[in-house]
file protein_8.tsv (TSV, C-alpha atoms)
chain	number	residue	atom	x	y	z
A	99	MET	CA	13.35	12.36	0.76
A	100	ILE	CA	15.89	14.99	-0.16
A	101	GLY	CA	14.60	18.27	-1.51
A	102	LYS	CA	11.02	17.85	-0.35
A	103	LYS	CA	9.31	21.03	0.80
A	104	VAL	CA	7.87	21.41	4.29
A	105	LYS	CA	4.22	22.41	3.83
A	106	SER	CA	3.90	24.35	7.09
A	107	HIS	CA	7.03	26.44	6.36
A	108	PRO	CA	7.32	27.62	2.74
A	109	GLY	CA	10.91	27.65	1.53
A	110	GLU	CA	12.09	25.09	4.10
A	111	ARG	CA	13.69	22.04	2.49
A	112	VAL	CA	14.15	18.53	3.83
A	113	LEU	CA	17.80	17.50	3.56
A	114	PHE	CA	17.40	14.09	5.19
A	115	GLU	CA	14.45	11.91	6.24
A	116	THR	CA	14.38	8.52	7.93
A	117	ARG	CA	12.62	6.45	10.60
A	118	PRO	CA	13.83	4.10	13.35
A	119	ARG	CA	15.77	1.01	12.25
A	120	PHE	CA	13.13	-1.70	11.71
A	121	MET	CA	15.07	-4.63	13.21
A	122	VAL	CA	16.01	-2.69	16.36
A	123	SER	CA	12.85	-0.69	16.99
A	124	LEU	CA	10.60	-3.77	16.76
A	125	LYS	CA	12.59	-6.20	18.91
A	126	SER	CA	9.56	-7.04	21.08
A	127	THR	CA	7.44	-7.46	17.94
A	128	PHE	CA	9.72	-10.22	16.70
A	129	LEU	CA	9.32	-11.98	20.07
A	130	LYS	CA	5.55	-11.79	19.72
A	131	PHE	CA	5.82	-13.17	16.20
A	132	ILE	CA	7.90	-16.13	17.42
A	133	ILE	CA	5.34	-16.89	20.15
A	134	LEU	CA	2.58	-16.72	17.52
A	135	LEU	CA	4.44	-19.21	15.31
A	136	ILE	CA	4.93	-21.54	18.28
A	137	ILE	CA	1.20	-21.44	19.00
A	138	PHE	CA	0.34	-22.33	15.40
A	139	ARG	CA	3.06	-25.00	15.21
A	140	PHE	CA	2.03	-26.82	18.39
A	141	PHE	CA	-1.67	-25.98	18.42
A	142	SER	CA	-2.87	-29.50	17.66
A	143	SER	CA	-0.31	-31.06	20.00
A	144	ILE	CA	-1.43	-28.84	22.88
A	145	VAL	CA	-5.10	-29.64	22.25
A	146	GLU	CA	-4.31	-33.37	22.04
A	147	ALA	CA	-2.34	-33.24	25.30
A	148	THR	CA	-5.23	-31.36	26.92
A	149	ALA	CA	-7.67	-34.04	25.74
A	150	ASN	CA	-5.52	-36.77	27.31
A	151	LEU	CA	-5.34	-34.78	30.54
A	152	GLN	CA	-9.10	-34.31	30.55
A	153	ASN	CA	-9.64	-38.05	30.15
A	154	TYR	CA	-7.44	-38.55	33.20
A	155	ILE	CA	-9.19	-36.05	35.48
A	156	ILE	CA	-12.75	-36.41	34.18
A	157	THR	CA	-13.47	-39.03	36.82
A	158	MET	CA	-12.77	-36.44	39.51
A	159	VAL	CA	-13.95	-33.12	38.06
A	160	GLN	CA	-16.26	-32.35	35.16
A	161	ILE	CA	-14.33	-29.58	33.35
A	162	PRO	CA	-14.58	-28.80	29.59
A	163	LEU	CA	-10.79	-28.57	29.46
A	164	VAL	CA	-10.27	-29.12	25.72
A	165	ALA	CA	-12.79	-26.46	24.70
A	166	SER	CA	-11.39	-23.97	27.21
A	167	VAL	CA	-7.77	-24.46	26.12
A	168	THR	CA	-8.72	-24.24	22.45
A	169	ILE	CA	-10.55	-20.96	22.99
A	170	ILE	CA	-7.68	-19.54	25.05
A	171	LEU	CA	-5.10	-20.45	22.37
A	172	MET	CA	-7.21	-18.92	19.61
A	173	LEU	CA	-7.78	-15.71	21.57
A	174	LEU	CA	-4.08	-15.48	22.42
A	175	ALA	CA	-3.08	-15.97	18.77
A	176	LEU	CA	-5.60	-13.34	17.65
A	177	PHE	CA	-4.41	-10.89	20.28
A	178	LEU	CA	-0.74	-11.36	19.29
A	179	PHE	CA	-1.59	-10.95	15.60
A	180	PHE	CA	-3.31	-7.59	16.07
A	181	TRP	CA	-0.60	-6.48	18.50
A	182	ILE	CA	2.06	-7.16	15.85
A	183	ILE	CA	0.06	-5.22	13.25
A	184	TRP	CA	-0.26	-2.29	15.67
A	185	ASP	CA	3.50	-2.28	16.35
A	186	VAL	CA	4.35	-2.19	12.63
A	187	VAL	CA	1.83	0.55	11.83
A	188	SER	CA	3.05	2.60	14.84
A	189	TRP	CA	6.65	2.23	13.62
A	190	LYS	CA	5.56	3.41	10.19
A	191	SER	CA	4.06	6.57	11.70
A	192	ILE	CA	7.42	7.73	13.16
A	193	SER	CA	9.71	9.86	11.01
A	194	TYR	CA	12.79	12.00	11.63
A	195	LEU	CA	13.48	15.00	9.39
A	196	VAL	CA	16.59	17.14	9.12
A	197	THR	CA	15.76	20.32	7.22
A	198	ASP	CA	17.83	23.38	6.40
A	199	ARG	CA	16.32	25.13	9.46
A	200	ARG	CA	15.59	22.54	12.18
A	201	VAL	CA	15.32	18.90	13.30
A	202	ILE	CA	11.79	17.50	13.38
A	203	VAL	CA	10.38	14.36	15.05
A	204	ARG	CA	6.93	13.29	13.88
A	205	ARG	CA	5.04	10.44	15.50
A	206	GLY	CA	1.54	9.30	16.31
A	207	LEU	CA	-1.02	7.08	14.64
A	208	LEU	CA	-4.35	8.21	16.04
A	209	ARG	CA	-3.05	11.40	17.61
A	210	LYS	CA	-0.38	13.14	15.55
A	211	LYS	CA	2.47	14.81	17.40
A	212	ARG	CA	5.35	16.88	16.03
A	213	VAL	CA	8.27	18.29	18.01
A	214	PHE	CA	11.22	20.18	16.59
A	215	MET	CA	14.24	22.28	17.48
A	216	HIS	CA	15.88	25.03	15.44
A	217	TYR	CA	19.65	24.90	14.98
A	218	ASN	CA	20.22	28.19	16.78
A	219	LYS	CA	18.59	26.68	19.89
A	220	ILE	CA	20.74	23.53	19.98
A	221	GLN	CA	23.47	23.48	22.63
A	222	ASP	CA	24.74	19.91	22.39
A	223	VAL	CA	24.21	16.64	20.52
A	224	SER	CA	24.76	13.23	22.14
A	225	VAL	CA	24.88	9.77	20.50
A	226	SER	CA	24.49	6.46	22.35
A	227	GLN	CA	24.48	2.89	21.04
A	228	SER	CA	23.65	-0.42	22.69
A	229	ILE	CA	25.23	-3.70	21.57
A	230	THR	CA	22.18	-4.52	19.43
A	231	GLU	CA	22.19	-1.07	17.88
A	232	ARG	CA	25.89	-1.35	17.00
A	233	ILE	CA	25.20	-4.66	15.25
A	234	PHE	CA	22.50	-3.05	13.08
A	235	ASN	CA	24.35	0.29	12.69
A	236	SER	CA	21.77	2.36	14.55
A	237	GLY	CA	21.66	4.43	17.73
A	238	ASP	CA	19.92	7.13	19.72
A	239	ILE	CA	20.63	10.81	19.10
A	240	GLU	CA	19.69	13.18	21.91
A	241	ILE	CA	19.62	16.88	21.09
A	242	PHE	CA	19.81	19.35	23.97
A	243	GLY	CA	18.32	22.82	23.72
A	244	GLY	CA	19.22	26.04	25.46
A	245	HIS	CA	16.44	25.84	28.03
A	246	GLU	CA	16.45	23.40	30.93
A	247	ARG	CA	14.96	19.96	30.15
A	248	THR	CA	14.53	20.86	26.48
A	249	THR	CA	15.57	17.75	24.57
A	250	LEU	CA	14.78	16.04	21.30
A	251	LEU	CA	15.29	12.27	21.05
A	252	LEU	CA	15.79	10.36	17.80
A	253	GLU	CA	15.56	6.68	18.78
A	254	ASP	CA	17.13	3.79	16.83
A	255	ILE	CA	18.09	6.08	13.98
A	256	PRO	CA	20.13	4.46	11.16
A	257	ASP	CA	23.75	5.66	10.68
A	258	PRO	CA	23.73	7.87	13.81
A	259	GLY	CA	27.30	9.10	13.26
A	260	GLU	CA	26.48	10.50	9.82
A	261	VAL	CA	23.27	12.11	11.05
A	262	GLU	CA	25.12	13.66	14.01
A	263	ASP	CA	27.74	15.06	11.64
A	264	MET	CA	25.03	16.51	9.40
A	265	ILE	CA	23.31	18.21	12.36
A	266	ASN	CA	26.59	19.63	13.67
A	267	ARG	CA	27.45	21.01	10.24
A	268	LEU	CA	24.05	22.69	10.00
A	269	ILE	CA	24.47	24.15	13.50
A	270	GLU	CA	27.78	25.64	12.41
A	271	GLY	CA	26.20	27.02	9.22
A	272	ASP	CA	28.09	24.79	6.79
A	273	SER	CA	27.04	25.83	3.29
A	274	ASP	CA	28.29	22.64	1.63
A	275	LEU	CA	25.04	20.88	2.45
A	276	GLU	CA	23.11	23.59	0.63
A	277	ALA	CA	25.45	23.23	-2.34
A	278	ASP	CA	24.88	19.47	-2.32
A	279	TYR	CA	21.16	20.10	-2.37
A	280	GLU	CA	21.45	22.55	-5.28
A	281	SER	CA	23.46	20.08	-7.36
A	282	TYR	CA	20.99	17.33	-6.52
A	283	ASP	CA	18.03	19.53	-7.42
A	284	SER	CA	19.62	20.49	-10.76
A	285	GLU	CA	20.39	16.85	-11.56
A	286	VAL	CA	16.81	15.78	-10.84
A	287	TYR	CA	15.51	18.69	-12.94
A	288	ASN	CA	17.55	17.64	-15.96
A	289	LYS	CA	16.60	13.96	-15.62
A	290	VAL	CA	12.89	14.62	-15.21
A	291	TYR	CA	12.37	17.36	-17.77
A	292	LYS	CA	15.22	16.43	-20.13
A	293	LYS	CA	15.79	20.02	-21.18
A	294	PRO	CA	18.36	22.66	-20.30
A	295	PRO	CA	17.74	25.34	-17.64
A	296	LYS	CA	16.10	28.62	-18.65
A	297	GLN	CA	19.42	30.46	-18.96
A	298	ARG	CA	20.76	27.99	-21.50
A	299	GLN	CA	17.46	28.07	-23.39
A	300	LYS	CA	17.69	31.86	-23.55
A	301	GLN	CA	21.26	31.75	-24.89
A	302	ARG	CA	20.33	29.19	-27.51
A	303	PHE	CA	17.25	31.24	-28.51
A	304	GLU	CA	19.34	34.41	-28.92
A	305	GLY	CA	21.89	32.46	-30.96
A	306	ASP	CA	19.16	31.19	-33.29
A	307	ILE	CA	17.91	34.77	-33.89
A	308	ILE	CA	21.43	36.02	-34.78
A	309	SER	CA	21.96	33.06	-37.09
A	310	ASP	CA	18.68	33.72	-38.91
A	311	TYR	CA	19.62	37.40	-39.23
A	312	ASP	CA	22.98	36.53	-40.81
A	313	LYS	CA	21.34	34.23	-43.31
A	314	LYS	CA	18.77	36.80	-44.44
A	315	PHE	CA	20.77	40.04	-44.52
A	316	LYS	CA	24.37	39.04	-45.12
A	317	LYS	CA	24.03	37.33	-48.48
call {"tool": "encode", "arguments": {"input": "protein_8.tsv", "output": "structure tokens"}}
result
Amino acid sequence: MIGKKVKSHPGERVLFETRPRFMVSLKSTFLKFIILLIIFRFFSSIVEATANLQNYIITMVQIPLVASVTIILMLLALFLFFWIIWDVVSWKSISYLVTDRRVIVRRGLLRKKRVFMHYNKIQDVSVSQSITERIFNSGDIEIFGGHERTTLLLEDIPDPGEVEDMINRLIEGDSDLEADYESYDSEVYNKVYKKPPKQRQKQRFEGDIISDYDKKFKK
């Protein structure tokens, strides 16, 4: 969300905020979802096949096969369902912020964790993309700090080239991003409040006073 303030650092503004690309970050979750659908789709068929198998082996071994398979399938489906929910909620808890002072990675559902790196500490920025990430226009951005082993990783971030360019411009002290923010902030101000800035109000107020003076004393 552009223009949002960072609570822990007054005056710091968020220029860009995103989270990992949904389709790429949750690849394993989609596999779990497919397995869950297969279980529901063939649940009755599996139980029926188990019943036929039990009728065949019941003369040799007394095993409650149908009940056991039914319970196992239900527990597996329940486990996959909650696992999928956990994956989605965990994905929702990850966010990447590019502010006017630093890059921040926030993650954690039960235990919150926040790591960041100021622009004056960044030495290099690296972007990598797998085949899947290229298909969905995402990638990993690794930011290297001045100290050994100091890195910041933004995984599966959407539009990695544009984000890399933004970070590099902020490292170099490009003021155009600040100007973009100012124009955006002014535009939002006018749309929300639907009134001119204070300077224009002051000019109009002074003009009204002079006009009233002319009407009263210059007749």
call {"tool": "residues_around", "arguments": {"input": "protein_8.tsv", "residues": "stretch 127-133 of chain A", "least_positions_apart": "2", "cutoff": "9 Å", "atoms": "all atoms listed in the file", "output": "ChimeraX atom specification"}}
result
/A:121,123-125,135-138,175,178-179,181-182,185-186
call {"tool": "write_last_selection", "arguments": {"input": "protein_8.tsv", "atoms": "C-alpha atoms", "output": "short mmCIF file (atom, residue, chain, number, x, y, z; two decimals), in the coordinates of the input"}}
result
data_model
loop_
_atom_site.label_atom_id
_atom_site.label_comp_id
_atom_site.auth_asym_id
_atom_site.auth_seq_id
_atom_site.Cartn_x
_atom_site.Cartn_y
_atom_site.Cartn_z
CA MET A 121 15.07 -4.63 13.21
CA SER A 123 12.85 -0.69 16.99
CA LEU A 124 10.60 -3.77 16.76
CA LYS A 125 12.59 -6.20 18.91
CA LEU A 135 4.44 -19.21 15.31
CA ILE A 136 4.93 -21.54 18.28
CA ILE A 137 1.20 -21.44 19.00
CA PHE A 138 0.34 -22.33 15.40
CA ALA A 175 -3.08 -15.97 18.77
CA LEU A 178 -0.74 -11.36 19.29
CA PHE A 179 -1.59 -10.95 15.60
CA TRP A 181 -0.60 -6.48 18.50
CA ILE A 182 2.06 -7.16 15.85
CA ASP A 185 3.50 -2.28 16.35
CA VAL A 186 4.35 -2.19 12.63
#
call {"tool": "closest_residue", "arguments": {"input": "protein_8.tsv", "among": "A:Gly237, A:Gly244, A:Gly206, A:Pro162", "to": "A:Gln221", "atoms": "only C-alpha atoms"}}
result
A:Gly244
call {"tool": "atom_distance", "arguments": {"input": "protein_8.tsv", "atom1": "atom CA of A:Thr197", "atom2": "atom CA of A:Arg111"}}
result
5.4 Å
call {"tool": "atom_distance", "arguments": {"input": "protein_8.tsv", "atom1": "atom CA of A:Thr148", "atom2": "atom CA of A:Val164"}}
result
5.6 Å
call {"tool": "residues_around", "arguments": {"input": "protein_8.tsv", "residues": "A:Met215", "least_positions_apart": "4", "cutoff": "12 Å", "atoms": "all atoms listed in the file", "output": "ChimeraX atom specification"}}
result
/A:194-203,219-223,240-245,248-251,265,269
call {"tool": "write_last_selection", "arguments": {"input": "protein_8.tsv", "atoms": "C-alpha atoms", "output": "PDB file, in the frame of the given file"}}
result
ATOM      1  CA  TYR A 194      12.790  12.000  11.630  1.00  0.00           C
ATOM      2  CA  LEU A 195      13.480  15.000   9.390  1.00  0.00           C
ATOM      3  CA  VAL A 196      16.590  17.140   9.120  1.00  0.00           C
ATOM      4  CA  THR A 197      15.760  20.320   7.220  1.00  0.00           C
ATOM      5  CA  ASP A 198      17.830  23.380   6.400  1.00  0.00           C
ATOM      6  CA  ARG A 199      16.320  25.130   9.460  1.00  0.00           C
ATOM      7  CA  ARG A 200      15.590  22.540  12.180  1.00  0.00           C
ATOM      8  CA  VAL A 201      15.320  18.900  13.300  1.00  0.00           C
ATOM      9  CA  ILE A 202      11.790  17.500  13.380  1.00  0.00           C
ATOM     10  CA  VAL A 203      10.380  14.360  15.050  1.00  0.00           C
ATOM     11  CA  LYS A 219      18.590  26.680  19.890  1.00  0.00           C
ATOM     12  CA  ILE A 220      20.740  23.530  19.980  1.00  0.00           C
ATOM     13  CA  GLN A 221      23.470  23.480  22.630  1.00  0.00           C
ATOM     14  CA  ASP A 222      24.740  19.910  22.390  1.00  0.00           C
ATOM     15  CA  VAL A 223      24.210  16.640  20.520  1.00  0.00           C
ATOM     16  CA  GLU A 240      19.690  13.180  21.910  1.00  0.00           C
ATOM     17  CA  ILE A 241      19.620  16.880  21.090  1.00  0.00           C
ATOM     18  CA  PHE A 242      19.810  19.350  23.970  1.00  0.00           C
ATOM     19  CA  GLY A 243      18.320  22.820  23.720  1.00  0.00           C
ATOM     20  CA  GLY A 244      19.220  26.040  25.460  1.00  0.00           C
ATOM     21  CA  HIS A 245      16.440  25.840  28.030  1.00  0.00           C
ATOM     22  CA  THR A 248      14.530  20.860  26.480  1.00  0.00           C
ATOM     23  CA  THR A 249      15.570  17.750  24.570  1.00  0.00           C
ATOM     24  CA  LEU A 250      14.780  16.040  21.300  1.00  0.00           C
ATOM     25  CA  LEU A 251      15.290  12.270  21.050  1.00  0.00           C
ATOM     26  CA  ILE A 265      23.310  18.210  12.360  1.00  0.00           C
ATOM     27  CA  ILE A 269      24.470  24.150  13.500  1.00  0.00           C
TER      28      ILE A 269
END
call {"tool": "closest_residue", "arguments": {"input": "protein_8.tsv", "among": "A:Ile233, A:Ala147, A:Leu134, A:Leu163", "to": "A:Asp257", "atoms": "all atoms listed in the file"}}
result
A:Ile233
call {"tool": "atom_distance", "arguments": {"input": "protein_8.tsv", "atom1": "atom CA of A:Ile183", "atom2": "atom CA of A:Glu253"}}
result
20.3 Å
call {"tool": "axis_aligned_box", "arguments": {"input": "protein_8.tsv", "around": "stretch 110-128 of chain A", "padding_each_side": "6 Å", "output": "lines of an AutoDock Vina configuration file"}}
result
center_x = 12.6
center_y = 7.4
center_z = 11.8
size_x = 22.4
size_y = 47.3
size_z = 30.6
call {"tool": "closest_residue", "arguments": {"input": "protein_8.tsv", "among": "A:Ser228, A:Ser126, A:Asn153, A:Ser166", "to": "A:Asp254", "atoms": "only C-alpha atoms"}}
result
A:Ser228
call {"tool": "residues_around", "arguments": {"input": "protein_8.tsv", "residues": "A:Arg204", "least_positions_apart": "2", "cutoff": "7 Å", "atoms": "all atoms listed in the file", "output": "list in words"}}
result
Ile192, Ser193, Tyr194, Ile202, Lys211, Arg212 and Val213 of chain A
call {"tool": "closest_residue", "arguments": {"input": "protein_8.tsv", "among": "A:Leu151, A:Leu173, A:Val112, A:Ile255", "to": "A:Asn235", "atoms": "all atoms listed in the file"}}
result
A:Ile255
call {"tool": "residues_around", "arguments": {"input": "protein_8.tsv", "residues": "A:Phe141", "least_positions_apart": "6", "cutoff": "10 Å", "atoms": "only C-alpha atoms", "output": "ChimeraX atom specification"}}
result
/A:135,167-168,171-172
call {"tool": "closest_residue", "arguments": {"input": "protein_8.tsv", "among": "A:Ile144, A:Asn218, A:Arg139, A:Ile169", "to": "A:Asn266", "atoms": "all atoms listed in the file"}}
result
A:Asn218
call {"tool": "closest_residue", "arguments": {"input": "protein_8.tsv", "among": "A:Met264, A:Ala165, A:Ala149, A:Val187", "to": "A:Phe120", "atoms": "only C-alpha atoms"}}
result
A:Val187
call {"tool": "decode", "arguments": {"input": "protein_8.tsv", "residues": "stretch 143-204 of chain A", "atoms": "C-alpha atoms", "output": "compact mmCIF listing (two decimals), in the first residue's frame"}}
result
# COMPACT_ATOMS: atom_id res chain seq x y z
CA SER A 143 -15.17 -46.77 -4.85
CA ILE A 144 -12.23 -47.42 -2.53
CA VAL A 145 -14.53 -48.52 0.30
CA GLU A 146 -16.46 -50.79 -2.09
CA ALA A 147 -13.24 -52.35 -3.39
CA THR A 148 -12.09 -52.86 0.20
CA ALA A 149 -15.38 -54.60 1.05
CA ASN A 150 -14.92 -56.99 -1.89
CA LEU A 151 -11.36 -57.69 -0.79
CA GLN A 152 -12.51 -58.35 2.77
CA ASN A 153 -15.10 -60.85 1.54
CA TYR A 154 -12.29 -62.65 -0.28
CA ILE A 155 -9.87 -62.86 2.66
CA ILE A 156 -12.38 -63.18 5.51
CA THR A 157 -12.16 -66.96 5.30
CA MET A 158 -8.46 -66.74 6.14
CA VAL A 159 -8.13 -63.77 8.49
CA GLN A 160 -10.71 -61.91 10.54
CA ILE A 161 -9.77 -58.26 9.84
CA PRO A 162 -12.21 -55.29 9.97
CA LEU A 163 -10.75 -54.05 6.69
CA VAL A 164 -13.63 -51.82 5.54
CA ALA A 165 -13.85 -49.94 8.83
CA SER A 166 -10.07 -49.48 8.99
CA VAL A 167 -9.78 -48.16 5.43
CA THR A 168 -12.74 -45.82 5.94
CA ILE A 169 -11.19 -44.35 9.08
CA ILE A 170 -7.79 -43.97 7.40
CA LEU A 171 -9.31 -42.16 4.39
CA MET A 172 -11.29 -39.81 6.62
CA LEU A 173 -8.27 -39.00 8.78
CA LEU A 174 -6.11 -38.44 5.69
CA ALA A 175 -8.70 -36.10 4.16
CA LEU A 176 -9.02 -34.17 7.43
CA PHE A 177 -5.25 -33.89 7.77
CA LEU A 178 -4.86 -32.60 4.19
CA PHE A 179 -7.69 -30.09 4.68
CA PHE A 180 -6.11 -28.49 7.77
CA TRP A 181 -2.67 -28.62 6.14
CA ILE A 182 -4.01 -26.64 3.16
CA ILE A 183 -5.60 -24.08 5.49
CA TRP A 184 -2.29 -23.72 7.36
CA ASP A 185 -0.37 -23.17 4.10
CA VAL A 186 -2.75 -20.43 2.94
CA VAL A 187 -2.76 -18.63 6.30
CA SER A 188 1.06 -18.87 6.49
CA TRP A 189 1.32 -17.38 2.98
CA LYS A 190 -0.96 -14.56 4.07
CA SER A 191 1.35 -13.74 6.98
CA ILE A 192 4.34 -13.02 4.69
CA SER A 193 4.81 -9.50 3.34
CA TYR A 194 7.62 -7.60 1.62
CA LEU A 195 7.90 -3.83 2.08
CA VAL A 196 10.07 -1.34 0.23
CA THR A 197 10.13 1.93 2.16
CA ASP A 198 12.01 5.16 1.58
CA ARG A 199 14.67 3.97 4.06
CA ARG A 200 14.97 0.15 3.88
CA VAL A 201 13.67 -3.21 2.64
CA ILE A 202 11.61 -5.17 5.16
CA VAL A 203 10.55 -8.84 5.22
CA ARG A 204 7.79 -9.73 7.67
